[in-house]
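So this block is entry-v3.txt, compact mmCIF, C-alpha atoms:
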# COMPACT_ATOMS: atom_id res chain seq x y z
CA MET L 1 43.73 75.98 180.92
CA GLY L 2 44.32 74.18 184.21
CA LYS L 3 48.04 74.83 184.56
CA LYS L 4 50.29 72.15 185.89
CA VAL L 5 52.92 72.95 188.49
CA GLN L 6 55.40 75.28 186.87
CA GLN L 7 59.14 75.47 187.24
CA SER L 8 60.49 78.98 186.78
CA TYR L 9 63.88 80.60 186.49
CA ASN L 10 64.85 84.22 186.19
CA PHE L 11 68.13 85.36 184.64
CA ASN L 12 70.06 85.33 187.93
CA GLU L 13 68.80 81.86 188.83
CA LEU L 14 69.89 80.60 185.41
CA MET L 15 73.34 82.16 185.83
CA ASN L 16 73.73 80.60 189.29
CA LEU L 17 73.11 77.06 188.03
CA ASP L 18 76.01 74.67 187.65
CA GLN L 19 77.41 75.28 184.18
CA ARG L 20 76.58 71.81 182.84
CA VAL L 21 73.02 72.03 184.15
CA ARG L 22 72.55 75.47 182.57
CA THR L 23 73.97 74.17 179.28
CA HIS L 24 71.45 71.30 179.15
CA LEU L 25 68.59 73.53 180.27
CA VAL L 26 69.14 76.40 177.86
CA ASN L 27 69.92 74.10 174.95
CA SER L 28 66.67 72.19 175.40
CA ILE L 29 64.21 75.06 175.79
CA VAL L 30 64.95 76.48 172.32
CA GLY L 31 62.68 73.79 170.83
CA PHE L 32 63.25 71.01 168.31
CA ARG L 33 66.15 71.44 165.96
CA SER L 34 67.50 70.43 162.62
CA VAL L 35 70.38 67.97 163.11
CA CYS L 36 72.81 67.29 160.28
CA LEU L 37 76.30 66.10 159.51
CA ILE L 38 78.60 68.67 157.94
CA GLY L 39 81.31 67.21 155.71
CA THR L 40 84.47 69.13 154.84
CA ILE L 41 87.94 68.58 153.40
CA ASN L 42 91.13 70.54 153.95
CA GLU L 43 93.85 71.47 151.45
CA ARG L 44 95.80 68.32 152.36
CA LYS L 45 92.72 66.27 151.33
CA LYS L 46 91.96 65.17 154.91
CA THR L 47 88.21 64.91 155.40
CA ASN L 48 86.23 65.87 158.48
CA LEU L 49 82.67 65.16 159.57
CA ALA L 50 80.81 66.76 162.49
CA ILE L 51 77.27 66.81 163.77
CA PHE L 52 75.52 70.19 164.09
CA ASN L 53 72.17 71.06 165.64
CA SER L 54 72.18 74.77 164.78
CA ILE L 55 71.33 74.73 161.08
CA VAL L 56 69.01 77.53 159.96
CA HIS L 57 67.20 78.66 156.86
CA ILE L 58 68.45 82.09 155.78
CA GLY L 59 66.67 82.64 152.49
CA ALA L 60 65.29 81.01 149.34
CA SER L 61 66.33 83.52 146.65
CA PRO L 62 69.23 82.91 146.48
CA PRO L 63 69.07 79.64 148.43
CA LEU L 64 71.03 80.35 151.62
CA ILE L 65 71.56 78.17 154.67
CA GLY L 66 73.42 78.97 157.88
CA PHE L 67 74.83 77.29 160.96
CA PHE L 68 76.49 78.42 164.16
CA VAL L 69 79.99 77.42 165.27
CA ARG L 70 81.85 77.93 168.51
CA PRO L 71 85.50 78.65 167.80
CA ASP L 72 86.67 76.86 170.98
CA CYS L 73 84.95 73.55 170.27
CA VAL L 74 85.50 70.33 168.39
CA GLU L 75 83.62 72.13 165.63
CA ARG L 76 86.75 74.21 164.92
CA HIS L 77 88.01 71.71 162.31
CA THR L 78 84.80 72.21 160.34
CA LEU L 79 85.26 75.97 160.55
CA SER L 80 88.93 75.97 159.52
CA ASN L 81 88.28 73.58 156.62
CA ILE L 82 85.45 75.74 155.29
CA LEU L 83 87.54 78.90 155.50
CA GLU L 84 90.36 77.03 153.72
CA THR L 85 88.46 75.34 150.89
CA ARG L 86 85.06 77.16 150.88
CA TYR L 87 82.91 74.09 150.09
CA TYR L 88 81.04 71.84 152.50
CA THR L 89 78.13 69.44 152.59
CA ILE L 90 75.11 69.41 154.91
CA ASN L 91 73.54 65.95 155.25
CA HIS L 92 70.33 65.08 157.09
CA ILE L 93 70.62 62.21 159.52
CA ASN L 94 68.16 59.37 159.98
CA GLU L 95 67.60 56.62 162.50
CA SER L 96 70.07 54.24 160.84
CA ILE L 97 73.05 56.59 161.26
CA PHE L 98 72.27 58.76 164.28
CA ARG L 99 74.56 56.88 166.71
CA GLN L 100 77.53 57.22 164.39
CA ALA L 101 76.53 60.84 163.74
CA HIS L 102 76.47 61.56 167.48
CA GLN L 103 79.88 59.95 167.87
CA THR L 104 81.42 62.54 165.50
CA SER L 105 81.11 65.04 168.38
CA ALA L 106 83.93 63.30 170.28
CA ARG L 107 87.16 65.29 170.36
CA TYR L 108 89.10 63.48 167.68
CA SER L 109 92.39 65.09 166.69
CA GLU L 110 92.73 66.99 163.44
CA ASN L 111 94.51 64.13 161.66
CA VAL L 112 91.63 61.71 162.28
CA SER L 113 88.75 61.65 159.79
CA GLU L 114 85.43 61.10 161.55
CA PHE L 115 84.23 59.38 158.36
CA GLU L 116 86.78 56.61 158.97
CA VAL L 117 86.57 56.31 162.72
CA THR L 118 82.76 56.27 162.87
CA GLN L 119 82.47 54.17 159.68
CA ILE L 120 80.22 56.63 157.89
CA ASN L 121 80.69 56.28 154.14
CA GLU L 122 81.92 59.25 152.11
CA GLU L 123 80.30 59.95 148.77
CA TYR L 124 81.64 62.28 146.08
CA LYS L 125 79.18 63.70 143.57
CA GLU L 126 79.92 65.29 140.21
CA ASP L 127 82.77 67.74 140.68
CA PHE L 128 81.83 68.87 144.20
CA LEU L 129 84.97 69.18 146.37
CA ALA L 130 83.59 68.20 149.79
CA PRO L 131 82.42 64.70 150.76
CA PHE L 132 78.72 63.91 151.19
CA VAL L 133 77.37 61.30 153.61
CA GLU L 134 76.33 58.34 151.47
CA ASP L 135 73.59 57.09 153.81
CA SER L 136 71.95 60.49 154.22
CA HIS L 137 68.67 60.90 152.34
CA ILE L 138 68.85 64.69 151.93
CA GLN L 139 72.23 66.07 150.91
CA LEU L 140 73.23 69.66 150.24
CA GLY L 141 76.45 70.90 148.62
CA VAL L 142 77.13 74.42 149.89
CA GLU L 143 79.59 77.23 149.08
CA PHE L 144 80.67 79.56 151.89
CA LYS L 145 79.38 83.13 151.45
CA GLU L 146 79.39 85.16 154.67
CA ARG L 147 80.89 84.95 158.15
CA ILE L 148 79.20 86.83 160.98
CA ASP L 149 80.86 87.19 164.37
CA ILE L 150 78.25 87.59 167.09
CA GLU L 151 79.35 90.18 169.64
CA SER L 152 77.14 88.90 172.47
CA ASN L 153 79.15 85.72 172.97
CA GLY L 154 81.75 85.23 170.24
CA THR L 155 79.76 82.61 168.36
CA ILE L 156 80.13 82.58 164.59
CA LEU L 157 77.32 82.30 162.03
CA LEU L 158 78.48 80.86 158.71
CA ILE L 159 76.20 81.38 155.73
CA GLY L 160 76.49 79.45 152.48
CA GLU L 161 74.74 79.19 149.16
CA ILE L 162 73.21 75.87 148.11
CA LYS L 163 75.04 74.73 144.97
CA GLN L 164 73.83 71.14 144.79
CA LEU L 165 70.85 69.42 146.32
CA TYR L 166 69.95 65.71 146.32
CA PHE L 167 67.00 63.91 147.86
CA GLN L 168 64.70 60.97 147.19
CA ALA L 169 62.48 61.83 144.26
CA ASP L 170 59.40 60.28 145.90
CA CYS L 171 59.56 62.90 148.68
CA LEU L 172 58.90 65.86 146.38
CA CYS L 173 55.42 67.41 146.37
CA ASP L 174 53.89 69.20 143.41
CA ASP L 175 54.35 72.67 144.94
CA GLY L 176 58.04 72.21 145.75
CA PHE L 177 57.54 71.09 149.35
CA VAL L 178 59.86 68.21 150.31
CA ASP L 179 58.49 65.61 152.72
CA ILE L 180 61.47 65.23 155.04
CA GLU L 181 59.49 62.92 157.34
CA LYS L 182 59.05 60.52 154.40
CA ALA L 183 62.81 60.86 153.83
CA LYS L 184 63.20 59.63 157.44
CA SER L 185 65.05 62.75 158.60
CA ILE L 186 65.02 63.03 162.38
CA THR L 187 65.11 65.98 164.79
CA CYS L 188 66.87 66.53 168.09
CA SER L 189 66.31 68.40 171.34
CA GLY L 190 68.98 69.71 173.62
CA LEU L 191 72.46 68.45 172.94
CA ASP L 192 71.87 64.73 172.84
CA ARG L 193 68.29 63.57 172.36
CA TYR L 194 66.94 62.32 169.06
CA HIS L 195 63.32 62.07 167.95
CA SER L 196 61.46 60.82 164.91
CA THR L 197 58.39 62.77 163.80
CA LYS L 198 54.74 62.10 163.15
CA HIS L 199 52.64 64.18 160.77
CA ILE L 200 49.99 66.37 162.39
CA SER L 201 48.94 68.55 159.47
CA ARG L 202 50.10 70.70 156.63
CA LEU L 203 48.08 73.92 156.71
CA SER L 204 47.04 76.24 153.91
CA TYR L 205 48.43 79.76 153.56
CA ALA L 206 46.90 81.96 156.25
CA ASN L 207 44.52 84.68 155.08
CA ILE L 208 42.85 87.24 157.31
CA ASP L 209 39.35 86.34 156.13
CA THR L 210 39.41 82.55 156.35
CA LEU L 211 40.70 79.85 158.65
CA PRO L 212 43.53 77.59 157.47
CA TYR L 213 42.55 74.14 156.24
CA ASP L 214 44.48 70.87 156.01
CA LEU L 215 46.44 70.35 152.81
CA THR L 216 46.87 66.94 151.21
CA LEU L 217 50.47 66.10 150.32
CA LYS L 218 50.51 65.52 146.57
CA TYR L 219 53.70 63.88 145.45
CA ASN L 220 55.25 64.84 142.17
CA ASN L 221 55.66 62.00 139.70
CA VAL L 222 57.83 63.93 137.26
CA THR L 223 61.46 63.67 138.28
CA ASN L 224 64.79 64.91 136.98
CA ILE L 225 66.54 61.67 137.66
CA SER L 226 70.17 61.83 138.72
CA SER L 227 72.79 59.10 139.14
CA MET J 228 72.97 51.48 150.64
CA GLY J 229 70.71 50.69 147.70
CA LYS J 230 69.86 54.27 146.75
CA LYS J 231 66.38 55.16 145.70
CA VAL J 232 65.78 57.37 142.70
CA GLN J 233 67.23 60.77 143.48
CA GLN J 234 65.99 64.18 142.57
CA SER J 235 68.78 66.71 142.12
CA TYR J 236 69.06 70.44 141.62
CA ASN J 237 72.09 72.61 141.07
CA PHE J 238 72.15 76.31 141.90
CA ASN J 239 70.96 77.42 138.45
CA GLU J 240 68.10 74.91 138.43
CA LEU J 241 67.02 76.18 141.84
CA MET J 242 67.12 79.79 140.66
CA ASN J 243 65.08 78.93 137.56
CA LEU J 244 62.21 77.43 139.56
CA ASP J 245 59.00 79.36 140.02
CA GLN J 246 59.53 81.55 143.08
CA ARG J 247 56.82 79.87 145.19
CA VAL J 248 58.14 76.42 144.33
CA ARG J 249 61.70 77.46 145.26
CA THR J 250 60.43 78.96 148.53
CA HIS J 251 58.73 75.71 149.56
CA LEU J 252 61.67 73.59 148.41
CA VAL J 253 64.45 75.55 150.12
CA ASN J 254 62.43 76.07 153.29
CA SER J 255 61.81 72.35 153.65
CA ILE J 256 65.31 70.97 153.07
CA VAL J 257 66.81 72.82 156.05
CA GLY J 258 65.38 70.11 158.34
CA PHE J 259 62.95 70.18 161.25
CA ARG J 260 62.60 73.48 163.05
CA SER J 261 61.62 75.03 166.31
CA VAL J 262 58.24 76.74 165.94
CA CYS J 263 57.10 79.31 168.50
CA LEU J 264 54.81 82.26 168.99
CA ILE J 265 56.55 85.57 169.70
CA GLY J 266 54.51 88.00 171.80
CA THR J 267 55.24 91.73 171.83
CA ILE J 268 53.66 95.02 172.85
CA ASN J 269 54.22 98.52 171.51
CA GLU J 270 54.41 101.83 173.38
CA ARG J 271 50.67 102.37 172.85
CA LYS J 272 50.06 99.04 174.67
CA LYS J 273 48.85 97.27 171.54
CA THR J 274 49.91 93.63 171.61
CA ASN J 275 51.12 91.53 168.70
CA LEU J 276 51.61 87.80 168.24
CA ALA J 277 53.37 86.06 165.37
CA ILE J 278 54.56 82.55 164.58
CA PHE J 279 58.25 82.05 163.84
CA ASN J 280 60.06 78.95 162.63
CA SER J 281 63.59 80.37 162.72
CA ILE J 282 64.36 80.29 166.44
CA VAL J 283 67.94 79.33 167.28
CA HIS J 284 70.07 78.65 170.32
CA ILE J 285 72.90 81.18 170.51
CA GLY J 286 74.53 80.38 173.85
CA ALA J 287 73.95 79.18 177.42
CA SER J 288 76.26 81.52 179.38
CA PRO J 289 74.65 84.01 179.28
CA PRO J 290 71.43 82.37 178.05
CA LEU J 291 70.93 83.78 174.55
CA ILE J 292 68.31 82.94 171.94
CA GLY J 293 67.93 84.29 168.41
CA PHE J 294 65.45 84.42 165.58
CA PHE J 295 65.44 85.69 162.01
CA VAL J 296 63.09 88.36 160.66
CA ARG J 297 62.43 89.61 157.17
CA PRO J 298 61.86 93.36 157.22
CA ASP J 299 59.36 93.20 154.34
CA CYS J 300 57.05 90.64 155.91
CA VAL J 301 54.12 90.41 158.29
CA GLU J 302 56.84 89.84 160.89
CA ARG J 303 57.69 93.54 160.74
CA HIS J 304 55.30 94.39 163.59
CA THR J 305 57.19 91.99 165.84
CA LEU J 306 60.45 93.66 164.82
CA SER J 307 59.25 97.22 165.34
CA ASN J 308 57.69 96.39 168.71
CA ILE J 309 60.90 94.78 169.95
CA LEU J 310 63.01 97.73 168.84
CA GLU J 311 60.48 100.03 170.57
CA THR J 312 60.02 98.27 173.92
CA ARG J 313 62.97 95.75 174.01
CA TYR J 314 61.04 92.91 175.66
CA TYR J 315 59.32 89.94 174.04
CA THR J 316 58.17 86.44 174.80
CA ILE J 317 58.92 83.19 172.98
CA ASN J 318 56.26 80.52 173.53
CA HIS J 319 56.41 76.90 172.35
CA ILE J 320 53.33 75.72 170.52
CA ASN J 321 51.56 72.40 170.97
CA GLU J 322 48.88 70.46 169.14
CA SER J 323 46.02 72.26 170.89
CA ILE J 324 47.03 75.73 169.62
CA PHE J 325 48.91 75.14 166.36
CA ARG J 326 46.01 76.12 164.07
CA GLN J 327 45.55 79.43 165.84
CA ALA J 328 49.32 79.86 165.90
CA HIS J 329 49.49 79.31 162.12
CA GLN J 330 46.70 81.83 161.61
CA THR J 331 48.85 84.60 163.19
CA SER J 332 50.88 84.58 159.95
CA ALA J 333 47.98 86.22 158.07
CA ARG J 334 48.61 89.86 157.16
CA TYR J 335 46.59 91.55 159.86
CA SER J 336 47.01 95.32 160.05
CA GLU J 337 49.05 96.92 162.79
CA ASN J 338 46.01 97.94 164.83
CA VAL J 339 44.77 94.34 165.10
CA SER J 340 46.11 92.16 167.91
CA GLU J 341 46.60 88.57 166.77
CA PHE J 342 45.87 87.51 170.35
CA GLU J 343 42.32 88.80 169.97
CA VAL J 344 41.60 87.78 166.42
CA THR J 345 42.95 84.22 166.81
CA GLN J 346 41.56 83.86 170.33
CA ILE J 347 44.89 82.98 171.90
CA ASN J 348 44.91 84.03 175.55
CA GLU J 349 47.45 86.58 176.78
CA GLU J 350 49.14 85.98 180.10
CA TYR J 351 51.16 88.53 182.06
CA LYS J 352 53.71 87.24 184.54
CA GLU J 353 55.35 89.12 187.40
CA ASP J 354 56.52 92.48 186.07
CA PHE J 355 57.42 91.31 182.57
CA LEU J 356 56.27 93.86 179.98
CA ALA J 357 55.39 91.60 177.05
CA PRO J 358 52.48 89.15 176.94
CA PHE J 359 53.05 85.39 177.17
CA VAL J 360 50.81 82.79 175.52
CA GLU J 361 48.76 81.24 178.33
CA ASP J 362 48.29 77.84 176.69
CA SER J 363 51.96 77.41 175.84
CA HIS J 364 53.81 74.90 178.04
CA ILE J 365 57.26 76.42 177.65
CA GLN J 366 57.44 80.20 177.90
CA LEU J 367 60.48 82.48 177.71
CA GLY J 368 60.66 86.16 178.62
CA VAL J 369 63.47 87.74 176.59
CA GLU J 370 65.27 91.11 176.48
CA PHE J 371 66.63 92.33 173.15
CA LYS J 372 70.45 92.44 173.04
CA GLU J 373 71.86 92.51 169.51
CA ARG J 374 70.66 93.11 165.96
CA ILE J 375 72.62 91.66 163.08
CA ASP J 376 71.88 92.61 159.49
CA ILE J 377 72.83 89.84 157.12
CA GLU J 378 74.47 91.22 154.00
CA SER J 379 73.73 88.21 151.79
CA ASN J 380 69.97 88.88 151.66
CA GLY J 381 68.95 91.65 154.06
CA THR J 382 67.52 89.29 156.68
CA ILE J 383 67.88 90.38 160.30
CA LEU J 384 69.00 88.19 163.20
CA LEU J 385 67.70 89.42 166.55
CA ILE J 386 69.43 88.09 169.66
CA GLY J 387 67.98 88.34 173.15
CA GLU J 388 68.86 87.29 176.68
CA ILE J 389 66.50 84.97 178.55
CA LYS J 390 65.20 86.88 181.58
CA GLN J 391 62.37 84.60 182.63
CA LEU J 392 61.67 80.96 181.89
CA TYR J 393 58.57 78.89 182.74
CA PHE J 394 57.79 75.26 182.00
CA GLN J 395 56.03 72.28 183.56
CA ALA J 396 58.03 71.10 186.53
CA ASP J 397 57.52 67.43 185.66
CA CYS J 398 59.48 67.91 182.43
CA LEU J 399 62.78 68.77 184.15
CA CYS J 400 65.46 66.07 184.34
CA ASP J 401 68.07 65.87 187.07
CA ASP J 402 70.89 67.14 184.84
CA GLY J 403 69.00 70.23 183.64
CA PHE J 404 67.66 68.68 180.43
CA VAL J 405 64.05 69.65 179.74
CA ASP J 406 61.83 67.03 178.10
CA ILE J 407 60.06 69.19 175.52
CA GLU J 408 58.35 66.14 174.01
CA LYS J 409 56.70 65.50 177.40
CA ALA J 410 55.72 69.20 177.39
CA LYS J 411 53.96 68.43 174.07
CA SER J 412 55.98 70.94 172.07
CA ILE J 413 55.76 70.27 168.34
CA THR J 414 58.09 70.88 165.42
CA CYS J 415 57.53 72.04 161.85
CA SER J 416 59.01 71.53 158.41
CA GLY J 417 58.95 73.99 155.57
CA LEU J 418 56.57 76.90 156.01
CA ASP J 419 53.40 75.11 156.93
CA ARG J 420 53.70 71.50 158.09
CA TYR J 421 53.50 70.50 161.74
CA HIS J 422 54.75 67.29 163.36
CA SER J 423 54.69 65.75 166.80
CA THR J 424 57.76 63.81 167.91
CA LYS J 425 58.56 60.34 169.17
CA HIS J 426 61.56 59.58 171.37
CA ILE J 427 64.34 57.56 169.72
CA SER J 428 67.12 57.91 172.27
CA ARG J 429 69.08 60.27 174.45
CA LEU J 430 72.76 59.47 173.99
CA SER J 431 75.66 59.85 176.41
CA TYR J 432 78.44 62.39 175.85
CA ALA J 433 80.67 61.19 173.01
CA ASN J 434 84.21 60.15 173.95
CA ILE J 435 86.86 59.07 171.49
CA ASP J 436 87.49 55.75 173.28
CA THR J 437 83.94 54.47 173.81
CA LEU J 438 80.67 54.32 171.91
CA PRO J 439 77.72 56.39 173.13
CA TYR J 440 75.07 54.55 175.15
CA ASP J 441 71.37 55.26 175.77
CA LEU J 442 70.62 57.54 178.72
CA THR J 443 67.54 57.10 180.89
CA LEU J 444 65.56 60.30 181.43
CA LYS J 445 65.52 60.88 185.19
CA TYR J 446 62.98 63.49 186.16
CA ASN J 447 63.74 65.86 188.96
CA ASN J 448 61.30 65.77 191.86
CA VAL J 449 62.61 68.89 193.56
CA THR J 450 60.91 71.94 192.12
CA ASN J 451 60.98 75.68 192.69
CA ILE J 452 57.26 76.11 192.40
CA SER J 453 55.99 79.29 190.80
CA SER J 454 52.51 80.79 190.53
Take the structure I supplied and represent it as C-alpha cells, if you would.
Amino acid sequence: MGKKVQQSYNFNELMNLDQRVRTHLVNSIVGFRSVCLIGTINERKKTNLAIFNSIVHIGASPPLIGFFVRPDCVERHTLSNILETRYYTINHINESIFRQAHQTSARYSENVSEFEVTQINEEYKEDFLAPFVEDSHIQLGVEFKERIDIESNGTILLIGEIKQLYFQADCLCDDGFVDIEKAKSITCSGLDRYHSTKHISRLSYANIDTLPYDLTLKYNNVTNISS
Amino acid sequence: MGKKVQQSYNFNELMNLDQRVRTHLVNSIVGFRSVCLIGTINERKKTNLAIFNSIVHIGASPPLIGFFVRPDCVERHTLSNILETRYYTINHINESIFRQAHQTSARYSENVSEFEVTQINEEYKEDFLAPFVEDSHIQLGVEFKERIDIESNGTILLIGEIKQLYFQADCLCDDGFVDIEKAKSITCSGLDRYHSTKHISRLSYANIDTLPYDLTLKYNNVTNISS
C-alpha cells in the first residue's frame, strides 16, 4: 500500500501532551463505540440519566453487559444509584435524541433529573424499577451483578444481567441477529462525535477451508408482541 | 412517539432461546463496536492475528486500552502469546481488509499464522516486538499491564498501555481528536456485520447553562512525520 504521511507518538510523547489533547487523542483511537443512555433511580425516587460510550458485551449465556465508570466524574450519580437500587436501563440513542443525550453529560447536581432538564421522556415498563428512555428504539432493563475495580487507573467496570429487552419487531432476523442500523441506533467516536452507519456486509461464519460470503438479512415475521 | 410494534424478551425467555439465536441476539443489542485486528508473536517467533470486537477505552493518563477474551475460543492463541511475550498490536480495519480480517476468526491451528493464510501483510516498526497490520490506517503498539478474570462468566479482560501509535497525519484535529471516519475505520454489530459511518455532528462540551453546538473539525497541519 502507498502509505500516506503518518503521525506517530510513543508513550512518552503521549504523556507529554497537554492533558485535554491527550484525552481527545486516546479516546478517539480506540475505534467506534456503542453510545447509550443509562437510566437509574435512587431510594428517594429521584431519577438520573447519563450518556455512556463504554458499553461492552460480556457474555450471552447468561446475557451480561458491562460499562465503565470513573468515580470522580458526573457519572458518579449513575454509579451510586445502581449500587443503591441495583436496577438500571441501557437505551440506544438515535439521531432524534442525540443532542439531548449529549447534554446529560453536563455536571448537573444530584437533585436535578437529567430526564427533566433535557426533556427526555421517562418510560416505565411492567414492574421494572428504573426508568427507560421512551424515544430509544432498543431498551435493556439490567440488574447489577459484579463490580470490578481496575488497578491500573481506578476505573470501575460494572457488569449486569439483562432482565428485560425491548426493540422494534421488524429489526429481528431469523437467526436472532438484531438489525440495529434499521433501528436507527448511532455510534460515536472520541468523546463527542456522532455517526450514523451504512451497511457494508454481513459475513458468514469463518471456516478454515472456505472464504466467508455475504449473508442476506432475513427478517423474522413471527413476533412476540408486547405493549 | 408513535411506537412501532415491539419485540420483548425477559431473562427467562432469553435463556430459553436456542444457544446460537441467543448469541446473535445478545451480541447485537450491545450497540456498535470497535473492530480491530490484534497481532501477536510467540517465543518461537510464530505470529498470530485475530479479529476482536470487544476493544474498550480504559483511560487516557496513562493511555490504557482493553479487550475481552474467552479462554475457550480461537482467541486463546492471542491470549497465550500476550502472556508469553507481553507485546501486541491493535490495528483498525477498513473496507479493503475486512473480509480477510473476518477470516482470521476461523479455527486455524496454532502453527498456522493468520497473516500468511489470509494474506494480510505484517509490518514491523522501530523495535516493537509484535507485528502490525500494514494496510491498517490506525495502528497501536501495546504492552500488557493487567489481567482481570470476570467471575460472572469466566471471561478475561486484558488491559495494556499504548507504547506506540501511528495514524494518517491528515486525520489529526487541532485539539487532539483523531478523525477515524476520515481514516476509513469501520464498525461492526453483532458477531459478523460490518458498517461504514457517516458524520452526524461533533458536539461542544456540555455545560449546564447552555445547549451544545456543532463543532467544526479543524485539521492540524503541523505533523511529526514518521517513516
- Would you list which chain J residues are within 6 Å of chain L using all atoms listed in the file, as a ChimeraX atom specification? /J:232-238,248,250-253,255,257-261,284,287,330,333,390-396,402-405,414,419-430,433-435,451-453
File dump, residues just selected, C-alpha atoms, as a short mmCIF file (atom, residue, chain, number, x, y, z; two decimals), in the frame of the given file:
data_model
loop_
_atom_site.label_atom_id
_atom_site.label_comp_id
_atom_site.auth_asym_id
_atom_site.auth_seq_id
_atom_site.Cartn_x
_atom_site.Cartn_y
_atom_site.Cartn_z
CA VAL J 232 65.78 57.37 142.70
CA GLN J 233 67.23 60.77 143.48
CA GLN J 234 65.99 64.18 142.57
CA SER J 235 68.78 66.71 142.12
CA TYR J 236 69.06 70.44 141.62
CA ASN J 237 72.09 72.61 141.07
CA PHE J 238 72.15 76.31 141.90
CA VAL J 248 58.14 76.42 144.33
CA THR J 250 60.43 78.96 148.53
CA HIS J 251 58.73 75.71 149.56
CA LEU J 252 61.67 73.59 148.41
CA VAL J 253 64.45 75.55 150.12
CA SER J 255 61.81 72.35 153.65
CA VAL J 257 66.81 72.82 156.05
CA GLY J 258 65.38 70.11 158.34
CA PHE J 259 62.95 70.18 161.25
CA ARG J 260 62.60 73.48 163.05
CA SER J 261 61.62 75.03 166.31
CA HIS J 284 70.07 78.65 170.32
CA ALA J 287 73.95 79.18 177.42
CA GLN J 330 46.70 81.83 161.61
CA ALA J 333 47.98 86.22 158.07
CA LYS J 390 65.20 86.88 181.58
CA GLN J 391 62.37 84.60 182.63
CA LEU J 392 61.67 80.96 181.89
CA TYR J 393 58.57 78.89 182.74
CA PHE J 394 57.79 75.26 182.00
CA GLN J 395 56.03 72.28 183.56
CA ALA J 396 58.03 71.10 186.53
CA ASP J 402 70.89 67.14 184.84
CA GLY J 403 69.00 70.23 183.64
CA PHE J 404 67.66 68.68 180.43
CA VAL J 405 64.05 69.65 179.74
CA THR J 414 58.09 70.88 165.42
CA ASP J 419 53.40 75.11 156.93
CA ARG J 420 53.70 71.50 158.09
CA TYR J 421 53.50 70.50 161.74
CA HIS J 422 54.75 67.29 163.36
CA SER J 423 54.69 65.75 166.80
CA THR J 424 57.76 63.81 167.91
CA LYS J 425 58.56 60.34 169.17
CA HIS J 426 61.56 59.58 171.37
CA ILE J 427 64.34 57.56 169.72
CA SER J 428 67.12 57.91 172.27
CA ARG J 429 69.08 60.27 174.45
CA LEU J 430 72.76 59.47 173.99
CA ALA J 433 80.67 61.19 173.01
CA ASN J 434 84.21 60.15 173.95
CA ILE J 435 86.86 59.07 171.49
CA ASN J 451 60.98 75.68 192.69
CA ILE J 452 57.26 76.11 192.40
CA SER J 453 55.99 79.29 190.80
#
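If you look at CA of Thr78 (chain L) and CA of Leu37 (chain L), they are 10.5 Å away from each other.
The two atoms in question, CA of Phe52 (chain L) and CA of Tyr124 (chain L), are spaced 20.6 Å apart.
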- The distance between CA of Lys125 (chain L) and CA of Glu110 (chain L) is 24.3 Å
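Here the question is which of L:Asn220, L:Asn16, L:Thr85, L:Gln119 gets nearest to Asn42 (chain L) using all atoms listed in the file, and that residue is L:Thr85.
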Around all listed atoms of region 317-334 of chain J, padded 6 Å per side, what centre and edge lengths does the axis-aligned box have in Å to one decimal, as lines of an AutoDock Vina configuration file?
center_x = 52.2
center_y = 80.2
center_z = 165.3
size_x = 25.4
size_y = 31.4
size_z = 28.4
